[in-house]
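For reference, query-v1.cif is printed below; it contains mmCIF, C-alpha atoms and all ligand atoms.
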data_work
#
loop_
_atom_site.label_atom_id
_atom_site.label_comp_id
_atom_site.auth_asym_id
_atom_site.auth_seq_id
_atom_site.Cartn_x
_atom_site.Cartn_y
_atom_site.Cartn_z
CA MET A 26 0.00 0.00 0.00
CA ASP A 27 1.47 3.37 -0.94
CA LYS A 28 1.43 6.38 1.33
CA LYS A 29 -1.43 8.04 -0.53
CA THR A 30 -3.68 4.99 -0.04
CA VAL A 31 -2.72 4.72 3.63
CA THR A 32 -3.48 8.43 4.10
CA GLU A 33 -6.93 7.98 2.51
CA LYS A 34 -7.66 5.01 4.76
CA ALA A 35 -6.56 7.05 7.79
CA ALA A 36 -9.05 9.77 6.84
CA LEU A 37 -11.90 7.23 6.56
CA HIS A 38 -11.22 5.65 9.97
CA LEU A 39 -10.90 9.06 11.61
CA GLN A 40 -14.15 10.30 10.08
CA GLU A 41 -15.91 7.20 11.40
CA LEU A 42 -14.41 7.49 14.89
CA CYS A 43 -14.57 11.27 15.41
CA ASP A 44 -17.41 12.51 13.16
CA VAL A 45 -19.88 9.60 12.81
CA ILE A 46 -19.36 8.16 16.32
CA GLY A 47 -17.88 11.21 18.10
CA GLU A 48 -17.44 11.23 21.87
CA ARG A 49 -16.37 7.81 23.16
CA ARG A 50 -16.57 8.19 26.93
CA VAL A 51 -16.34 4.89 28.81
CA GLY A 52 -19.87 3.63 29.47
CA GLY A 53 -21.40 5.73 26.67
CA ILE A 54 -22.98 4.45 23.46
CA GLY A 55 -20.18 5.97 21.33
CA ASN A 56 -17.62 3.94 23.26
CA ARG A 57 -19.48 0.71 22.48
CA GLU A 58 -19.87 1.75 18.83
CA ALA A 59 -16.14 2.39 18.63
CA THR A 60 -15.13 -0.95 20.14
CA ALA A 61 -17.62 -2.72 17.82
CA TYR A 62 -16.12 -0.83 14.86
CA VAL A 63 -12.51 -1.82 15.58
CA GLU A 64 -13.57 -5.42 16.24
CA LYS A 65 -15.32 -5.51 12.85
CA VAL A 66 -12.31 -4.04 11.02
CA LEU A 67 -9.93 -6.52 12.69
CA ARG A 68 -12.15 -9.49 11.79
CA GLU A 69 -12.47 -8.37 8.17
CA LEU A 70 -8.69 -8.27 8.01
CA CYS A 71 -8.52 -11.81 9.47
CA TRP A 72 -7.03 -10.89 12.85
CA GLU A 73 -8.00 -13.04 15.82
CA THR A 74 -9.97 -10.89 18.26
CA GLU A 75 -10.51 -11.12 21.99
CA THR A 76 -13.23 -8.93 23.48
CA SER A 77 -13.67 -8.66 27.26
CA PRO A 78 -16.64 -7.01 28.99
CA LEU A 79 -15.87 -4.32 31.58
CA GLN A 80 -18.34 -3.33 34.30
CA VAL A 81 -18.21 0.46 34.38
CA ILE A 82 -20.43 3.42 35.14
CA ASP A 83 -21.74 5.87 32.65
CA TRP A 84 -22.51 9.33 33.91
CA GLN A 85 -24.92 12.07 32.92
CA SER A 86 -25.72 15.51 34.22
CA GLU A 87 -28.52 17.91 33.36
CA GLY A 88 -26.44 20.73 34.78
CA ALA A 89 -25.89 22.37 38.15
CA THR A 90 -26.92 25.60 39.87
CA LEU A 91 -25.47 27.57 42.77
CA THR A 92 -27.21 30.54 44.39
CA CYS A 93 -26.53 32.80 47.36
CA GLN A 94 -29.04 35.48 48.38
CA GLY A 95 -30.58 35.57 44.93
CA HIS A 96 -27.19 35.73 43.23
CA GLU A 97 -26.34 32.96 40.72
CA PHE A 98 -22.92 31.49 40.04
CA THR A 99 -21.90 29.35 37.05
CA VAL A 100 -20.96 25.81 38.10
CA PHE A 101 -20.61 22.43 36.39
CA SER A 102 -21.20 18.95 37.82
CA SER A 103 -17.85 17.19 38.33
CA PRO A 104 -17.72 14.22 35.95
CA TYR A 105 -18.77 10.96 37.62
CA SER A 106 -19.83 12.77 40.82
CA LEU A 107 -23.09 12.03 42.63
CA GLY A 108 -25.88 14.58 42.27
CA CYS A 109 -27.14 16.71 45.16
CA ASP A 110 -29.76 19.27 46.17
CA VAL A 111 -28.48 20.90 49.35
CA SER A 112 -28.17 24.20 51.16
CA GLY A 113 -25.86 25.19 53.97
CA GLU A 114 -23.25 27.59 55.24
CA LEU A 115 -20.39 28.27 52.81
CA VAL A 116 -16.87 27.64 54.12
CA ALA A 117 -13.73 28.32 52.02
CA ILE A 118 -10.30 26.69 52.09
CA ASP A 119 -7.30 27.49 49.89
CA ARG A 120 -4.52 25.43 51.51
CA VAL A 121 -4.22 21.77 52.50
CA GLU A 122 -3.11 22.66 56.07
CA GLN A 123 -6.50 24.31 56.70
CA LEU A 124 -8.37 21.06 56.13
CA LYS A 125 -7.40 19.74 59.59
CA LYS A 126 -8.19 22.99 61.40
CA THR A 127 -11.51 23.81 59.79
CA ASN A 128 -14.88 22.41 60.73
CA PHE A 129 -16.88 21.91 57.57
CA ARG A 130 -19.16 19.10 58.72
CA ASP A 131 -22.58 19.48 57.02
CA LYS A 132 -21.41 22.70 55.39
CA ILE A 133 -20.75 23.47 51.74
CA LEU A 134 -17.03 23.71 51.15
CA LEU A 135 -15.42 25.96 48.55
CA LEU A 136 -11.91 24.81 47.56
CA HIS A 137 -9.92 27.52 45.76
CA GLY A 138 -6.37 28.78 45.19
CA GLU A 139 -3.34 26.59 45.95
CA ILE A 140 -5.34 23.51 46.98
CA THR A 141 -6.97 23.33 43.53
CA ALA A 142 -3.77 23.78 41.47
CA GLU A 143 -3.81 20.27 40.04
CA GLN A 144 -6.40 17.60 39.37
CA ILE A 145 -6.66 15.05 42.17
CA ALA A 146 -5.89 11.46 41.18
CA PRO A 147 -8.98 9.23 41.41
CA LYS A 148 -9.16 7.25 44.67
CA ASN A 149 -8.59 3.88 43.09
CA PHE A 150 -6.46 4.91 40.11
CA PRO A 151 -3.78 2.21 39.99
CA PHE A 152 -0.98 3.83 37.96
CA TRP A 153 -0.50 7.27 39.47
CA ASN A 154 -1.67 8.22 42.92
CA PRO A 155 0.40 10.72 44.95
CA GLU A 156 0.29 10.31 48.73
CA GLU A 157 -0.85 13.93 49.20
CA HIS A 158 -3.84 13.36 46.90
CA GLN A 159 -4.96 10.31 48.89
CA GLN A 160 -4.58 12.30 52.12
CA LEU A 161 -6.61 15.19 50.75
CA ILE A 162 -9.40 12.83 49.76
CA SER A 163 -9.49 11.09 53.14
CA GLN A 164 -9.46 14.43 55.02
CA LEU A 165 -12.41 15.60 52.96
CA GLU A 166 -14.27 12.33 53.58
CA ASN A 167 -13.57 12.51 57.32
CA GLY A 168 -14.67 16.15 57.43
CA SER A 169 -17.99 15.18 55.84
CA PRO A 170 -19.17 18.33 54.03
CA LYS A 171 -22.56 18.31 52.29
CA ALA A 172 -20.92 19.12 48.97
CA LEU A 173 -17.79 20.60 47.38
CA ILE A 174 -17.40 23.58 45.07
CA CYS A 175 -14.00 23.56 43.34
CA ALA A 176 -12.71 26.76 41.72
CA THR A 177 -9.98 25.89 39.20
CA GLY A 178 -7.77 27.39 36.50
CA HIS A 179 -5.64 25.53 33.95
CA ASN A 180 -3.81 22.21 34.46
CA ALA A 181 -2.99 21.01 30.92
CA ALA A 182 -0.40 18.42 31.95
CA ILE A 183 -2.93 16.35 33.91
CA ALA A 184 -6.36 17.62 32.94
CA GLY A 185 -5.80 18.53 29.26
CA GLY A 186 -6.90 21.84 27.78
CA ALA A 187 -10.12 22.32 29.76
CA TYR A 188 -10.72 25.59 31.66
CA PRO A 189 -11.96 25.36 34.31
CA PHE A 190 -10.92 21.73 34.88
CA PRO A 191 -12.78 19.36 37.21
CA LEU A 192 -10.71 18.97 40.38
CA PHE A 193 -12.37 15.60 40.96
CA GLU A 194 -13.29 13.17 38.22
CA ASP A 195 -13.87 10.11 40.27
CA GLY A 196 -16.76 7.64 40.42
CA ASP A 197 -15.36 6.17 43.66
CA PHE A 198 -15.45 9.48 45.56
CA HIS A 199 -18.90 9.99 47.06
CA ILE A 200 -19.00 13.63 48.20
CA PRO A 201 -21.11 15.47 45.59
CA SER A 202 -19.05 18.12 43.83
CA VAL A 203 -19.19 20.84 41.21
CA TYR A 204 -16.46 23.02 39.70
CA MET A 205 -16.26 26.60 38.48
CA LYS A 206 -13.75 29.06 37.02
CA ASP A 207 -11.21 30.46 39.48
CA SER A 208 -12.48 33.98 38.64
CA GLU A 209 -16.03 32.91 39.60
CA GLY A 210 -14.59 31.43 42.82
CA VAL A 211 -13.15 34.83 43.76
CA LYS A 212 -16.66 36.33 43.48
CA LEU A 213 -18.13 33.50 45.53
CA LEU A 214 -15.75 34.30 48.42
CA SER A 215 -18.08 37.18 49.34
CA CYS A 216 -20.67 34.54 50.32
CA VAL A 217 -18.48 32.81 52.91
CA GLY A 218 -20.45 32.46 56.16
CA LYS A 219 -23.76 32.87 54.34
CA THR A 220 -26.19 30.16 53.26
CA VAL A 221 -25.79 28.90 49.68
CA ALA A 222 -28.01 26.51 47.73
CA LEU A 223 -26.38 23.97 45.44
CA ALA A 224 -28.09 21.53 43.08
CA SER A 225 -26.21 19.16 40.76
CA HIS A 226 -28.46 17.09 38.51
CA ALA A 227 -25.96 14.29 37.97
CA ARG A 228 -26.34 10.53 38.10
CA ARG A 229 -24.26 7.41 37.80
CA ILE A 230 -25.55 4.61 35.56
CA PRO A 231 -24.13 1.05 35.64
CA GLU A 232 -23.02 0.05 32.13
CA THR A 233 -20.88 -2.40 30.21
CA ALA A 234 -17.94 -1.40 28.04
CA TYR A 235 -15.61 -3.64 26.02
CA HIS A 236 -11.90 -4.13 25.76
CA VAL A 237 -10.69 -5.34 22.36
CA ILE A 238 -7.42 -7.03 21.42
CA GLY A 239 -6.38 -8.22 17.94
CA ARG A 240 -3.69 -10.86 17.35
CA ASN A 241 -1.90 -12.16 14.27
CA SER A 242 -0.73 -15.29 16.11
CA SER A 243 -1.60 -17.38 19.14
CA ARG A 244 2.09 -17.33 20.11
CA LYS A 245 2.72 -15.00 23.05
CA GLU A 246 6.46 -15.25 23.72
CA GLY A 247 8.41 -12.38 22.22
CA ARG A 248 5.30 -10.55 21.13
CA ILE A 249 5.19 -6.87 20.30
CA VAL A 250 2.24 -5.08 21.87
CA ILE A 251 1.02 -2.06 19.93
CA SER A 252 -1.52 -0.06 21.89
CA ALA A 253 -3.74 3.03 21.79
CA HIS A 254 -6.59 4.08 24.04
CA ILE A 255 -9.98 4.12 22.38
CA ASP A 256 -11.93 6.13 24.99
CA THR A 257 -12.30 9.92 25.16
CA LYS A 258 -13.14 12.35 27.89
CA ILE A 259 -16.76 13.50 28.11
CA GLY A 260 -17.63 16.24 25.61
CA THR A 261 -14.89 15.79 23.01
CA PRO A 262 -14.69 13.85 19.71
CA GLY A 263 -11.10 12.99 20.71
CA ALA A 264 -9.28 13.31 17.39
CA LEU A 265 -5.70 13.87 18.60
CA ASP A 266 -6.58 12.15 21.90
CA ASN A 267 -6.85 9.49 20.63
CA GLY A 268 -8.75 8.82 17.39
CA THR A 269 -5.41 8.98 15.59
CA GLY A 270 -3.90 6.28 17.83
CA VAL A 271 -6.84 3.94 17.16
CA THR A 272 -6.53 4.71 13.46
CA VAL A 273 -2.81 3.85 13.42
CA LEU A 274 -3.66 0.46 14.96
CA LEU A 275 -6.35 -0.16 12.31
CA LEU A 276 -3.89 0.83 9.55
CA LEU A 277 -1.34 -1.60 11.00
CA ALA A 278 -3.98 -4.34 10.94
CA ALA A 279 -4.30 -3.78 7.19
CA LEU A 280 -0.58 -3.28 6.51
CA MET A 281 0.77 -6.26 8.45
CA ARG A 282 -1.73 -9.06 7.99
CA VAL A 283 -0.23 -11.01 5.10
CA HIS A 284 3.41 -11.58 5.97
CA SER A 285 3.99 -14.80 7.87
CA ASP A 286 7.45 -13.62 8.97
CA TYR A 287 6.09 -10.97 11.31
CA PRO A 288 6.69 -11.60 15.01
CA PRO A 289 3.60 -12.21 17.18
CA LEU A 290 1.74 -8.91 17.26
CA GLU A 291 -0.95 -7.80 19.65
CA LEU A 292 -3.07 -4.72 18.88
CA VAL A 293 -4.52 -3.51 22.19
CA PHE A 294 -7.32 -0.94 22.23
CA PHE A 295 -7.08 0.19 25.85
CA ASN A 296 -10.49 1.27 27.11
CA GLY A 297 -10.09 3.67 30.01
CA GLU A 298 -7.00 5.87 29.70
CA ASP A 299 -9.17 8.94 30.14
CA TYR A 300 -11.51 7.35 32.70
CA TYR A 301 -11.15 7.39 36.48
CA GLY A 302 -10.87 3.64 36.92
CA ALA A 303 -8.68 2.59 33.91
CA PRO A 304 -10.82 -0.60 33.57
CA GLY A 305 -9.33 -1.80 30.27
CA GLN A 306 -5.79 -1.41 31.54
CA ILE A 307 -6.62 -3.32 34.75
CA CYS A 308 -8.33 -6.06 32.73
CA TYR A 309 -5.25 -6.38 30.50
CA LEU A 310 -2.89 -6.61 33.48
CA GLU A 311 -5.10 -9.27 35.09
CA GLN A 312 -5.19 -11.30 31.88
CA ASN A 313 -1.39 -11.09 31.67
CA GLU A 314 -0.50 -11.62 35.30
CA GLY A 315 2.96 -13.18 35.55
CA ARG A 316 3.29 -13.14 31.74
CA LEU A 317 4.26 -9.55 31.00
CA GLY A 318 7.84 -10.81 30.65
CA ASP A 319 6.75 -12.41 27.34
CA ILE A 320 6.40 -8.96 25.82
CA ARG A 321 9.40 -7.90 23.81
CA LEU A 322 8.33 -4.33 23.22
CA ASN A 323 5.39 -1.97 23.60
CA ILE A 324 4.62 0.71 21.05
CA ASN A 325 1.90 3.08 22.33
CA ILE A 326 0.30 5.75 20.19
CA ASP A 327 -1.31 8.80 21.80
CA GLY A 328 -1.51 12.39 20.53
CA ALA A 329 -0.23 11.53 17.03
CA GLY A 330 -1.04 13.33 13.77
CA TYR A 331 -1.20 16.97 14.87
CA LYS A 332 -1.41 19.38 11.93
CA GLU A 333 1.75 21.32 12.89
CA GLY A 334 5.21 19.79 13.05
CA LEU A 335 6.37 16.19 12.62
CA SER A 336 5.55 12.90 14.32
CA CYS A 337 7.90 11.66 17.01
CA PHE A 338 8.84 8.27 18.40
CA SER A 339 10.15 8.50 22.00
CA PRO A 340 12.22 5.43 22.96
CA PHE A 341 12.36 4.07 26.53
CA ASN A 342 14.90 1.44 27.65
CA LEU A 343 15.49 0.04 24.14
CA SER A 344 18.35 -2.45 23.65
CA ASP A 345 21.27 -1.26 21.48
CA ASP A 346 19.92 -3.37 18.60
CA LEU A 347 16.46 -1.86 18.73
CA SER A 348 17.90 1.66 19.14
CA ALA A 349 20.02 1.22 16.02
CA MET A 350 17.00 -0.03 14.04
CA LEU A 351 14.93 2.90 15.23
CA GLN A 352 17.63 5.32 14.05
CA GLU A 353 17.48 3.65 10.62
CA VAL A 354 13.72 4.18 10.58
CA PHE A 355 14.24 7.91 11.25
CA ALA A 356 16.83 8.09 8.46
CA GLU A 357 14.62 6.28 5.94
CA ASN A 358 11.16 7.69 6.74
CA THR A 359 10.34 11.31 6.16
CA GLY A 360 8.15 12.96 8.75
CA LEU A 361 9.48 10.95 11.72
CA VAL A 362 11.91 12.19 14.38
CA GLU A 363 13.07 11.04 17.81
CA GLY A 364 10.95 12.51 20.60
CA LEU A 365 11.63 13.60 24.15
CA PRO A 366 10.58 11.24 26.95
CA TRP A 367 7.07 11.72 28.40
CA PHE A 368 5.08 9.47 30.70
CA GLN A 369 1.38 10.43 30.60
CA GLY A 370 0.31 7.49 28.46
CA ASP A 371 -0.28 3.75 28.50
CA HIS A 372 3.37 2.99 27.62
CA SER A 373 4.03 3.76 31.31
CA ILE A 374 2.21 0.54 32.28
CA PHE A 375 4.76 -1.45 30.29
CA LEU A 376 7.72 0.59 31.57
CA GLN A 377 6.56 0.03 35.16
CA ASN A 378 6.71 -3.70 34.41
CA GLY A 379 10.23 -3.61 33.01
CA CYS A 380 9.27 -3.76 29.35
CA PRO A 381 10.96 -1.45 26.78
CA ALA A 382 8.61 0.90 24.98
CA ILE A 383 8.23 3.50 22.27
CA ALA A 384 5.67 6.30 22.63
CA VAL A 385 4.41 7.62 19.29
CA SER A 386 3.01 11.14 19.30
CA SER A 387 3.31 14.59 17.69
CA GLN A 388 6.35 16.74 18.38
CA TRP A 389 4.10 19.75 18.85
CA PHE A 390 1.94 17.93 21.40
CA ILE A 391 4.90 16.72 23.48
CA GLU A 392 6.45 20.18 23.51
CA HIS A 393 3.19 21.91 24.42
CA MET A 394 1.76 19.32 26.81
CA GLU A 395 1.81 21.78 29.73
CA SER A 396 0.18 24.68 27.88
CA GLN A 397 -1.99 23.30 25.06
CA GLU A 398 -5.73 23.96 25.19
CA ILE A 399 -6.96 21.27 22.79
CA THR A 400 -7.17 17.83 24.35
CA HIS A 401 -10.23 16.97 26.48
CA THR A 402 -12.17 19.83 24.82
CA PRO A 403 -14.46 20.10 21.75
CA LYS A 404 -11.47 21.68 19.93
CA ASP A 405 -9.90 18.23 19.70
CA ASN A 406 -11.67 17.52 16.40
CA LEU A 407 -10.50 16.55 12.91
CA SER A 408 -9.55 20.16 12.06
CA VAL A 409 -6.36 19.74 14.16
CA ILE A 410 -5.28 16.55 12.33
CA ASN A 411 -2.99 16.03 9.34
CA TYR A 412 -3.93 12.61 7.90
CA GLU A 413 -0.54 12.28 6.21
CA ARG A 414 1.21 12.45 9.60
CA VAL A 415 -1.05 9.62 10.80
CA ALA A 416 -0.13 7.50 7.77
CA GLU A 417 3.57 8.20 8.37
CA CYS A 418 3.29 6.90 11.94
CA ALA A 419 1.75 3.64 10.72
CA LEU A 420 4.31 3.21 7.92
CA GLY A 421 7.17 3.99 10.33
CA ILE A 422 5.96 1.35 12.79
CA VAL A 423 5.71 -1.22 9.97
CA ALA A 424 9.25 -0.35 8.82
CA PHE A 425 10.53 -0.76 12.38
CA ILE A 426 8.81 -4.11 12.91
CA GLU A 427 10.08 -5.38 9.55
CA LYS A 428 13.61 -4.52 10.66
CA ILE A 429 13.08 -6.43 13.89
CA ALA A 430 11.77 -9.40 11.91
CA GLY A 431 14.64 -9.18 9.42
CA ILE A 432 12.21 -8.67 6.53
CA SER A 433 13.86 -5.47 5.30
ZN ZN B 501 -4.67 10.17 25.45
#
Starting from the file, give its structure as structure tokens.
Ligand SMILES: [Zn+2]
Amino acid sequence: MDKKTVTEKAALHLQELCDVIGERRVGGIGNREATAYVEKVLRELCWETETSPLQVIDWQSEGATLTCQGHEFTVFSSPYSLGCDVSGELVAIDRVEQLKKTNFRDKILLLHGEITAEQIAPKNFPFWNPEEHQQLISQLENGSPKALICATGHNAAIAGGAYPFPLFEDGDFHIPSVYMKDSEGVKLLSCVGKTVALASHARRIPETAYHVIGRNSSRKEGRIVISAHIDTKIGTPGALDNGTGVTVLLLLAALMRVHSDYPPLELVFFNGEDYYGAPGQICYLEQNEGRLGDIRLNINIDGAGYKEGLSCFSPFNLSDDLSAMLQEVFAENTGLVEGLPWFQGDHSIFLQNGCPAIAVSSQWFIEHMESQEITHTPKDNLSVINYERVAECALGIVAFIEKIAGIS
């Protein structure tokens, strides 16, 4: 397949994933449509598929309102939070140290300033969970407020481009919460000590999602795992994050199906990278317990295909052999360069288990991860994608795997 054909195929997959299906939040209909779509494509291309059900919650909100003495403030239900309809005295806290000293039992607690600088890791998130986040959560639970109002700014590195960002995005945290812009929080400070009324029309709905894996072989030793997360945040069509990653996997399924000399390949569509419980990742680790040592290499694609700049492959712990082959790929494939190390993706799961990895992304995205305002927002649509960059990622991965297999 020439590059033009691969580019055209990339466009078709991306239109299906991001325009026809759109948002693919875990538990939502779009998520199930997307996993059914990739399963169908894999089967048509004669890949063996394994699909595992995941018990998850979907979440919906019909909005939230906050009033104080006839004055209204703009607030949003925190994703995956419980709903509420409460009123009580408003108490405000801007530093962690104040949590111990302040009585906020049965009150409505405004968190603002320093304490809301970065998104709090979900209670049961297995891969990243700072001690201070767990402490903050348990102090809030022990303090037992009626509800939380979180005033936030920007936190692109953890929360993507959303402003304001939800401080909590956690279906295992049971204090109802809403969030608002930091500027709105400043105005709300004038209501401290007064009675405020807060309603959040949110609900959690038990649902099933699916985790899909494609294989070219039943052999597991020495396999190369190529992965991309298929889910999106709520409210975004997820083009860069991560429709392009899913598309690269589907292109690989078409590009690498015929050659019997390929090593065992596993295409893993992780369902839950942008979800509080990472259910697909946990399912994968359970299925592979004690057998992760069989994996020769992980290649994870996330944030690839941005319209500006080139695509980058960031190597982690590669052997000298693999490093040399990767350098050959850069020399022989236009549009691909070596990238800086970054860790906010599913390749970290493999690194944490001692497996070498390559993270495939866009140079622009890696360099602007802390300041970009695209991912996790409606702006992450197909207008930010260059389909040719997506095709180049797929062709570069094929070239690399063919070098490993001694085919070219
Ligand atoms: Zn992502």
*Pick out the residues no farther than 9 Å from ligand ZN 501 (chain B), counting all atoms listed in the file, and list them as number ranges by chain.*
A: 253-257, 263, 265-267, 270, 298-299, 326-328, 369-371, 400-401
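Omitting segment 351-364 of chain A and its sequence neighbours fewer than 5 positions away, and counting only C-alpha atoms, the residues within 9 Å are Gly334, Leu335, Ser336, Cys337, Phe338, Ser339, Pro340, Asp346, Ala384, Val385, Ser386, Ser387, Gln388, Ile391, Arg414, Glu417, Cys418, Leu420, Gly421, Ile422, Ala424, Phe425 and Lys428 of chain A.
If you look at atom CA of Ala329 of chain A and atom CA of Asp44 of chain A, they are 17.6 Å away from each other.
For the residues A:Cys71, A:Cys175, A:Ala222, A:Ala416, ranking by smallest atom-to-atom distance to Ser102 of chain A using all atoms listed in the file places A:Cys175 first.
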*Which neighbours of Leu277 of chain A fall inside 9 Å, counting all atoms listed in the file, when residues of the same chain fewer than 3 positions from it are skipped, and could you give them as JSON, numbers by chain?*
{"A": [272, 273, 274, 280, 281, 282, 292, 419, 420, 422, 423]}
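Proximity ranking of A:Leu275, A:Val111, A:Ile162, A:Ala227 relative to Gln85 of chain A places A:Ala227 first, based on all atoms listed in the file.
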Could I get segment 416-431 of chain A rebuilt with N, CA, C and O atoms, written as an mmCIF file, in the coordinates of the input?
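That gives us rebuild22.cif:
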data_model
loop_
_atom_site.group_PDB
_atom_site.id
_atom_site.type_symbol
_atom_site.label_atom_id
_atom_site.label_comp_id
_atom_site.auth_asym_id
_atom_site.auth_seq_id
_atom_site.Cartn_x
_atom_site.Cartn_y
_atom_site.Cartn_z
ATOM 1 N N ALA A 416 -0.616 8.568 8.655
ATOM 2 C CA ALA A 416 -0.130 7.500 7.770
ATOM 3 C C ALA A 416 1.362 7.259 7.999
ATOM 4 O O ALA A 416 1.819 6.108 8.040
ATOM 5 N N GLU A 417 2.122 8.340 8.166
ATOM 6 C CA GLU A 417 3.570 8.200 8.370
ATOM 7 C C GLU A 417 3.884 7.432 9.658
ATOM 8 O O GLU A 417 4.839 6.651 9.705
ATOM 9 N N CYS A 418 3.088 7.656 10.697
ATOM 10 C CA CYS A 418 3.290 6.900 11.940
ATOM 11 C C CYS A 418 3.109 5.411 11.693
ATOM 12 O O CYS A 418 3.930 4.585 12.120
ATOM 13 N N ALA A 419 2.022 5.064 10.987
ATOM 14 C CA ALA A 419 1.750 3.640 10.720
ATOM 15 C C ALA A 419 2.869 3.046 9.870
ATOM 16 O O ALA A 419 3.389 1.960 10.178
ATOM 17 N N LEU A 420 3.274 3.747 8.812
ATOM 18 C CA LEU A 420 4.310 3.210 7.920
ATOM 19 C C LEU A 420 5.653 3.098 8.655
ATOM 20 O O LEU A 420 6.415 2.151 8.427
ATOM 21 N N GLY A 421 5.933 4.044 9.548
ATOM 22 C CA GLY A 421 7.170 3.990 10.330
ATOM 23 C C GLY A 421 7.188 2.798 11.277
ATOM 24 O O GLY A 421 8.216 2.137 11.445
ATOM 25 N N ILE A 422 6.042 2.506 11.882
ATOM 26 C CA ILE A 422 5.960 1.350 12.790
ATOM 27 C C ILE A 422 6.149 0.053 11.994
ATOM 28 O O ILE A 422 6.874 -0.859 12.422
ATOM 29 N N VAL A 423 5.532 -0.028 10.821
ATOM 30 C CA VAL A 423 5.710 -1.220 9.970
ATOM 31 C C VAL A 423 7.193 -1.386 9.612
ATOM 32 O O VAL A 423 7.756 -2.479 9.733
ATOM 33 N N ALA A 424 7.832 -0.281 9.208
ATOM 34 C CA ALA A 424 9.250 -0.350 8.820
ATOM 35 C C ALA A 424 10.099 -0.849 9.995
ATOM 36 O O ALA A 424 10.995 -1.682 9.823
ATOM 37 N N PHE A 425 9.783 -0.354 11.194
ATOM 38 C CA PHE A 425 10.530 -0.760 12.380
ATOM 39 C C PHE A 425 10.332 -2.242 12.673
ATOM 40 O O PHE A 425 11.288 -2.991 12.922
ATOM 41 N N ILE A 426 9.096 -2.698 12.619
ATOM 42 C CA ILE A 426 8.810 -4.110 12.910
ATOM 43 C C ILE A 426 9.434 -5.017 11.844
ATOM 44 O O ILE A 426 9.935 -6.106 12.145
ATOM 45 N N GLU A 427 9.452 -4.563 10.610
ATOM 46 C CA GLU A 427 10.080 -5.380 9.550
ATOM 47 C C GLU A 427 11.588 -5.469 9.768
ATOM 48 O O GLU A 427 12.198 -6.486 9.450
ATOM 49 N N LYS A 428 12.178 -4.436 10.326
ATOM 50 C CA LYS A 428 13.610 -4.520 10.660
ATOM 51 C C LYS A 428 13.831 -5.529 11.794
ATOM 52 O O LYS A 428 14.743 -6.349 11.738
ATOM 53 N N ILE A 429 12.967 -5.470 12.784
ATOM 54 C CA ILE A 429 13.080 -6.430 13.890
ATOM 55 C C ILE A 429 12.947 -7.855 13.386
ATOM 56 O O ILE A 429 13.672 -8.757 13.799
ATOM 57 N N ALA A 430 12.024 -8.053 12.430
ATOM 58 C CA ALA A 430 11.770 -9.400 11.910
ATOM 59 C C ALA A 430 12.779 -9.805 10.844
ATOM 60 O O ALA A 430 12.732 -10.937 10.348
ATOM 61 N N GLY A 431 13.657 -8.872 10.464
ATOM 62 C CA GLY A 431 14.640 -9.180 9.420
ATOM 63 C C GLY A 431 14.032 -9.263 8.029
ATOM 64 O O GLY A 431 14.586 -9.889 7.130
#
